[in-house]
Amino acid sequence: MAYQKNKSITDALNVLMELSEEDYAVGSRELARRLNMEPTRVNRFLRTLHEAGFAAQDNNQRYHSGAGMEVMAARSLHNSKLLRTGLPVIEKLGKCKFQVALGVLHRNKVCYLYHAAVGMSLAEGIGRMSIYEASRSSIGMMLMAGRSDQYIAEFYASSDADCGDFDSFDKLMNKITEIRRENFTSIPCSVNSPLINIAVPVGTLGALAFSGITEQELKKTTELLIKIAGEMEKRRSEE
């Protein structure tokens, strides 16, 4: 039997994910605009999520994450083999001179399971960063390179898409092609910055990154990052 996509479930999950990204309460019309969905449809999903405890409302009837979302977040972290097996490896780095990040890709956004600035403790780095645009992230670019051209085009081929520091979709795809060939990515920390972010895959699900690398450190640091990612994947596969 041919697979038929259930649009209602997909749309409801997209509403749930969009709501989970917010740091403040948001109205159904605003969510509908972002998701390009009918406001009445979004409102229906939000009411259902509210009844199920995954959404709550403020005094202005705007929605924000509910207790159910906190429970799901805690259970997700507990069940994340990538985070659970990766943290002991990260801990062995000790006081690393670079920012360290571990993340996964959802649609066109990166979710950082771990993101620690220089000098931060292991605990401080867990769940610290919010959702981030994949085209502006070394982890995002690394993980998009593992997806199909059709998948990437869905989010970035339109003229108003956020292609990060790449001027066009074609330039973005040129970088993706390079990443696929080399199996790691390096991008500037910011426009005109002399420092570099690098990322390598951890299996097929996640990616590990260092930020703040100089050009002179790039080769040696990339080799170190590949070694660390390999150890993470070995621990994950053995668990």
# chains A, B, ... in the order shown; residues from 1 in each chain; ligands from 1
>>> select_by_dssp(residues="segment 38-132 of chain A", states="helix (DSSP H, G or I)", output="PyMOL selection string")
chain A and resi 39-51+67-79+81-91+122-125
>>> write_last_selection(atoms="C-alpha atoms", output="JSON list (two decimals), in the first residue's frame")
[["chain", "number", "residue", "atom", "x", "y", "z"],
["A", 39, "PRO", "CA", -5.45, 31.17, 11.22],
["A", 40, "THR", "CA", -8.57, 29.13, 12.05],
["A", 41, "ARG", "CA", -6.62, 25.91, 11.47],
["A", 42, "VAL", "CA", -3.73, 27.05, 13.67],
["A", 43, "ASN", "CA", -6.15, 28.19, 16.36],
["A", 44, "ARG", "CA", -7.81, 24.77, 16.35],
["A", 45, "PHE", "CA", -4.45, 23.05, 16.82],
["A", 46, "LEU", "CA", -3.48, 25.45, 19.61],
["A", 47, "ARG", "CA", -6.73, 24.81, 21.47],
["A", 48, "THR", "CA", -6.11, 21.06, 21.23],
["A", 49, "LEU", "CA", -2.52, 21.49, 22.47],
["A", 50, "HIS", "CA", -3.85, 23.64, 25.31],
["A", 51, "GLU", "CA", -6.32, 20.96, 26.37],
["A", 67, "ALA", "CA", 3.85, 21.89, 31.37],
["A", 68, "GLY", "CA", 3.52, 19.07, 28.86],
["A", 69, "MET", "CA", 6.28, 20.66, 26.82],
["A", 70, "GLU", "CA", 8.58, 20.68, 29.86],
["A", 71, "VAL", "CA", 7.88, 16.99, 30.46],
["A", 72, "MET", "CA", 8.56, 16.19, 26.81],
["A", 73, "ALA", "CA", 11.81, 18.20, 26.91],
["A", 74, "ALA", "CA", 13.01, 16.36, 30.02],
["A", 75, "ARG", "CA", 12.13, 12.96, 28.58],
["A", 76, "SER", "CA", 13.75, 13.85, 25.26],
["A", 77, "LEU", "CA", 17.03, 14.83, 26.93],
["A", 78, "HIS", "CA", 16.94, 11.66, 29.01],
["A", 79, "ASN", "CA", 16.37, 9.53, 25.91],
["A", 81, "LYS", "CA", 21.69, 8.82, 23.07],
["A", 82, "LEU", "CA", 23.57, 11.51, 21.15],
["A", 83, "LEU", "CA", 23.70, 13.81, 24.18],
["A", 84, "ARG", "CA", 24.09, 11.06, 26.79],
["A", 85, "THR", "CA", 27.04, 9.43, 25.06],
["A", 86, "GLY", "CA", 28.52, 12.69, 23.80],
["A", 87, "LEU", "CA", 28.80, 14.55, 27.10],
["A", 88, "PRO", "CA", 31.47, 12.26, 28.65],
["A", 89, "VAL", "CA", 33.59, 12.77, 25.53],
["A", 90, "ILE", "CA", 33.13, 16.55, 25.67],
["A", 91, "GLU", "CA", 33.96, 16.51, 29.38],
["A", 122, "LEU", "CA", 29.60, 21.10, 31.26],
["A", 123, "ALA", "CA", 26.26, 21.71, 32.98],
["A", 124, "GLU", "CA", 26.05, 25.30, 31.71],
["A", 125, "GLY", "CA", 26.30, 24.15, 28.10]]
>>> residues_around(residues="segment 191-194 of chain A", least_positions_apart="4", cutoff="8 Å", atoms="only C-alpha atoms", output="ChimeraX atom specification")
/A:165,214-215
>>> write_last_selection(atoms="C-alpha atoms", output="PDB file, in the first residue's frame")
ATOM      1  CA  ASP A 165      25.961  34.777   4.454  1.00  0.00           C
ATOM      2  CA  THR A 214      42.209  30.645  13.267  1.00  0.00           C
ATOM      3  CA  GLU A 215      43.260  29.734   9.734  1.00  0.00           C
TER       4      GLU A 215
END
>>> select_by_dssp(residues="segment 105-226 of chain A", states="strand (DSSP E)", output="PyMOL selection string")
chain A and resi 105-106+109-116+132-133+185-188+196-202+206-213
>>> write_last_selection(atoms="N, CA and C atoms", output="JSON list (two decimals), in the first residue's frame")
[["chain", "number", "residue", "atom", "x", "y", "z"],
["A", 105, "LEU", "N", 19.48, 18.65, 13.33],
["A", 105, "LEU", "CA", 18.73, 19.46, 12.37],
["A", 105, "LEU", "C", 17.27, 19.06, 12.36],
["A", 106, "HIS", "N", 16.38, 20.06, 12.43],
["A", 106, "HIS", "CA", 14.95, 19.84, 12.24],
["A", 106, "HIS", "C", 14.45, 20.85, 11.23],
["A", 109, "LYS", "N", 16.19, 24.34, 10.77],
["A", 109, "LYS", "CA", 16.69, 24.93, 12.01],
["A", 109, "LYS", "C", 17.60, 23.94, 12.73],
["A", 110, "VAL", "N", 18.58, 24.49, 13.43],
["A", 110, "VAL", "CA", 19.47, 23.68, 14.26],
["A", 110, "VAL", "C", 19.00, 23.77, 15.70],
["A", 111, "CYS", "N", 18.92, 22.62, 16.35],
["A", 111, "CYS", "CA", 18.64, 22.56, 17.78],
["A", 111, "CYS", "C", 19.94, 22.15, 18.47],
["A", 112, "TYR", "N", 20.46, 23.03, 19.32],
["A", 112, "TYR", "CA", 21.71, 22.74, 20.03],
["A", 112, "TYR", "C", 21.42, 21.96, 21.30],
["A", 113, "LEU", "N", 21.86, 20.71, 21.33],
["A", 113, "LEU", "CA", 21.76, 19.93, 22.56],
["A", 113, "LEU", "C", 22.77, 20.44, 23.58],
["A", 114, "TYR", "N", 23.91, 20.91, 23.05],
["A", 114, "TYR", "CA", 24.98, 21.42, 23.91],
["A", 114, "TYR", "C", 25.66, 22.58, 23.20],
["A", 115, "HIS", "N", 25.90, 23.66, 23.93],
["A", 115, "HIS", "CA", 26.59, 24.82, 23.34],
["A", 115, "HIS", "C", 27.25, 25.59, 24.48],
["A", 116, "ALA", "N", 28.56, 25.48, 24.58],
["A", 116, "ALA", "CA", 29.27, 26.11, 25.69],
["A", 116, "ALA", "C", 30.33, 27.08, 25.19],
["A", 132, "TYR", "N", 18.26, 27.78, 15.89],
["A", 132, "TYR", "CA", 19.07, 28.69, 15.08],
["A", 132, "TYR", "C", 18.94, 28.33, 13.60],
["A", 133, "GLU", "N", 18.97, 29.34, 12.75],
["A", 133, "GLU", "CA", 18.85, 29.14, 11.31],
["A", 133, "GLU", "C", 20.01, 28.29, 10.78],
["A", 185, "THR", "N", 32.68, 20.93, 7.46],
["A", 185, "THR", "CA", 32.41, 22.27, 6.97],
["A", 185, "THR", "C", 33.20, 23.29, 7.77],
["A", 186, "SER", "N", 33.58, 24.37, 7.11],
["A", 186, "SER", "CA", 34.21, 25.51, 7.77],
["A", 186, "SER", "C", 33.58, 26.77, 7.19],
["A", 187, "ILE", "N", 33.11, 27.64, 8.07],
["A", 187, "ILE", "CA", 32.52, 28.91, 7.66],
["A", 187, "ILE", "C", 33.02, 30.00, 8.61],
["A", 188, "PRO", "N", 33.08, 31.25, 8.15],
["A", 188, "PRO", "CA", 33.52, 32.34, 9.04],
["A", 188, "PRO", "C", 32.57, 32.49, 10.22],
["A", 196, "ILE", "N", 37.05, 31.13, 12.39],
["A", 196, "ILE", "CA", 36.29, 30.14, 11.63],
["A", 196, "ILE", "C", 35.53, 29.21, 12.57],
["A", 197, "ASN", "N", 34.33, 28.79, 12.13],
["A", 197, "ASN", "CA", 33.58, 27.72, 12.77],
["A", 197, "ASN", "C", 33.77, 26.45, 11.95],
["A", 198, "ILE", "N", 34.01, 25.33, 12.60],
["A", 198, "ILE", "CA", 34.12, 24.07, 11.87],
["A", 198, "ILE", "C", 33.18, 23.04, 12.50],
["A", 199, "ALA", "N", 32.66, 22.14, 11.66],
["A", 199, "ALA", "CA", 31.75, 21.10, 12.14],
["A", 199, "ALA", "C", 31.98, 19.81, 11.38],
["A", 200, "VAL", "N", 31.79, 18.70, 12.07],
["A", 200, "VAL", "CA", 31.91, 17.38, 11.46],
["A", 200, "VAL", "C", 30.70, 16.55, 11.90],
["A", 201, "PRO", "N", 30.31, 15.54, 11.12],
["A", 201, "PRO", "CA", 29.15, 14.73, 11.50],
["A", 201, "PRO", "C", 29.46, 13.79, 12.65],
["A", 202, "VAL", "N", 28.42, 13.51, 13.44],
["A", 202, "VAL", "CA", 28.47, 12.45, 14.44],
["A", 202, "VAL", "C", 27.43, 11.43, 14.00],
["A", 206, "GLY", "N", 23.61, 13.77, 14.13],
["A", 206, "GLY", "CA", 24.06, 15.04, 14.69],
["A", 206, "GLY", "C", 25.38, 15.50, 14.13],
["A", 207, "ALA", "N", 25.85, 16.63, 14.65],
["A", 207, "ALA", "CA", 27.15, 17.17, 14.25],
["A", 207, "ALA", "C", 27.77, 17.88, 15.44],
["A", 208, "LEU", "N", 29.09, 17.90, 15.46],
["A", 208, "LEU", "CA", 29.88, 18.51, 16.52],
["A", 208, "LEU", "C", 30.67, 19.67, 15.92],
["A", 209, "ALA", "N", 30.77, 20.76, 16.66],
["A", 209, "ALA", "CA", 31.45, 21.95, 16.13],
["A", 209, "ALA", "C", 32.36, 22.60, 17.15],
["A", 210, "PHE", "N", 33.41, 23.23, 16.64],
["A", 210, "PHE", "CA", 34.27, 24.15, 17.38],
["A", 210, "PHE", "C", 34.11, 25.53, 16.74],
["A", 211, "SER", "N", 34.11, 26.57, 17.56],
["A", 211, "SER", "CA", 34.02, 27.94, 17.05],
["A", 211, "SER", "C", 35.19, 28.76, 17.55],
["A", 212, "GLY", "N", 35.65, 29.66, 16.67],
["A", 212, "GLY", "CA", 36.74, 30.56, 17.04],
["A", 212, "GLY", "C", 38.11, 30.05, 16.64],
["A", 213, "ILE", "N", 38.17, 29.34, 15.51],
["A", 213, "ILE", "CA", 39.43, 28.76, 15.02],
["A", 213, "ILE", "C", 40.15, 29.76, 14.11]]
>>> closest_residue(among="A:Ala229, A:Leu13, A:Met142, A:Ala56", to="Val26 of chain A", atoms="only C-alpha atoms")
A:Ala56
>>> closest_residue(among="A:Arg236, A:His64, A:Arg128, A:Arg180", to="Leu143 of chain A", atoms="only C-alpha atoms")
A:Arg180
>>> residues_around(residues="segment 9-11 of chain A", least_positions_apart="3", cutoff="10 Å", atoms="only C-alpha atoms", output="ChimeraX atom specification")
/A:5-6,14-17,35,37,41-42,45
>>> decode(residues="segment 55-79 of chain A", atoms="N, CA and C atoms", output="CSV table (one decimal), in the first residue's frame")
chain,number,residue,atom,x,y,z
A,55,ALA,N,0.3,23.5,25.6
A,55,ALA,CA,0.3,24.9,25.5
A,55,ALA,C,-0.4,25.5,26.6
A,56,ALA,N,-0.1,26.8,27.0
A,56,ALA,CA,-0.8,27.5,28.0
A,56,ALA,C,-1.1,28.9,27.5
A,57,GLN,N,-1.9,29.7,28.1
A,57,GLN,CA,-2.3,31.0,27.7
A,57,GLN,C,-2.0,32.0,28.8
A,58,ASP,N,-1.6,33.2,28.3
A,58,ASP,CA,-1.4,34.3,29.2
A,58,ASP,C,-2.8,35.1,29.4
A,59,ASN,N,-2.7,36.2,30.1
A,59,ASN,CA,-4.0,37.0,30.3
A,59,ASN,C,-4.5,37.6,29.0
A,60,ASN,N,-3.7,37.7,28.0
A,60,ASN,CA,-4.2,38.2,26.7
A,60,ASN,C,-4.6,37.1,25.7
A,61,GLN,N,-4.7,35.9,26.2
A,61,GLN,CA,-5.1,34.7,25.4
A,61,GLN,C,-4.1,34.4,24.4
A,62,ARG,N,-2.8,34.8,24.6
A,62,ARG,CA,-1.8,34.4,23.7
A,62,ARG,C,-1.1,33.1,24.3
A,63,TYR,N,-0.5,32.3,23.4
A,63,TYR,CA,-0.1,31.0,23.7
A,63,TYR,C,1.4,31.0,24.0
A,64,HIS,N,1.8,30.1,25.0
A,64,HIS,CA,3.2,29.8,25.2
A,64,HIS,C,3.3,28.3,25.6
A,65,SER,N,4.5,27.8,25.8
A,65,SER,CA,4.7,26.4,26.2
A,65,SER,C,4.0,26.1,27.5
A,66,GLY,N,3.4,24.9,27.5
A,66,GLY,CA,2.8,24.4,28.8
A,66,GLY,C,3.6,23.4,29.5
A,67,ALA,N,3.1,22.9,30.6
A,67,ALA,CA,3.8,21.9,31.4
A,67,ALA,C,4.2,20.6,30.6
A,68,GLY,N,3.3,20.3,29.7
A,68,GLY,CA,3.5,19.1,28.9
A,68,GLY,C,4.8,19.2,28.0
A,69,MET,N,5.1,20.4,27.6
A,69,MET,CA,6.3,20.7,26.8
A,69,MET,C,7.5,20.5,27.7
A,70,GLU,N,7.4,20.9,29.0
A,70,GLU,CA,8.6,20.7,29.9
A,70,GLU,C,8.8,19.2,30.1
A,71,VAL,N,7.7,18.4,30.3
A,71,VAL,CA,7.9,17.0,30.5
A,71,VAL,C,8.5,16.3,29.2
A,72,MET,N,8.0,16.7,28.0
A,72,MET,CA,8.6,16.2,26.8
A,72,MET,C,10.0,16.5,26.6
A,73,ALA,N,10.4,17.8,27.0
A,73,ALA,CA,11.8,18.2,26.9
A,73,ALA,C,12.7,17.4,27.8
A,74,ALA,N,12.2,17.1,29.1
A,74,ALA,CA,13.0,16.4,30.0
A,74,ALA,C,13.2,14.9,29.5
A,75,ARG,N,12.1,14.3,29.1
A,75,ARG,CA,12.1,13.0,28.6
A,75,ARG,C,13.0,12.8,27.3
A,76,SER,N,13.0,13.9,26.5
A,76,SER,CA,13.8,13.9,25.3
A,76,SER,C,15.2,13.9,25.6
A,77,LEU,N,15.6,14.8,26.5
A,77,LEU,CA,17.0,14.8,26.9
A,77,LEU,C,17.5,13.5,27.6
A,78,HIS,N,16.6,12.9,28.4
A,78,HIS,CA,16.9,11.7,29.0
A,78,HIS,C,17.1,10.6,28.0
A,79,ASN,N,16.3,10.6,26.9
A,79,ASN,CA,16.4,9.5,25.9
A,79,ASN,C,17.3,9.8,24.8
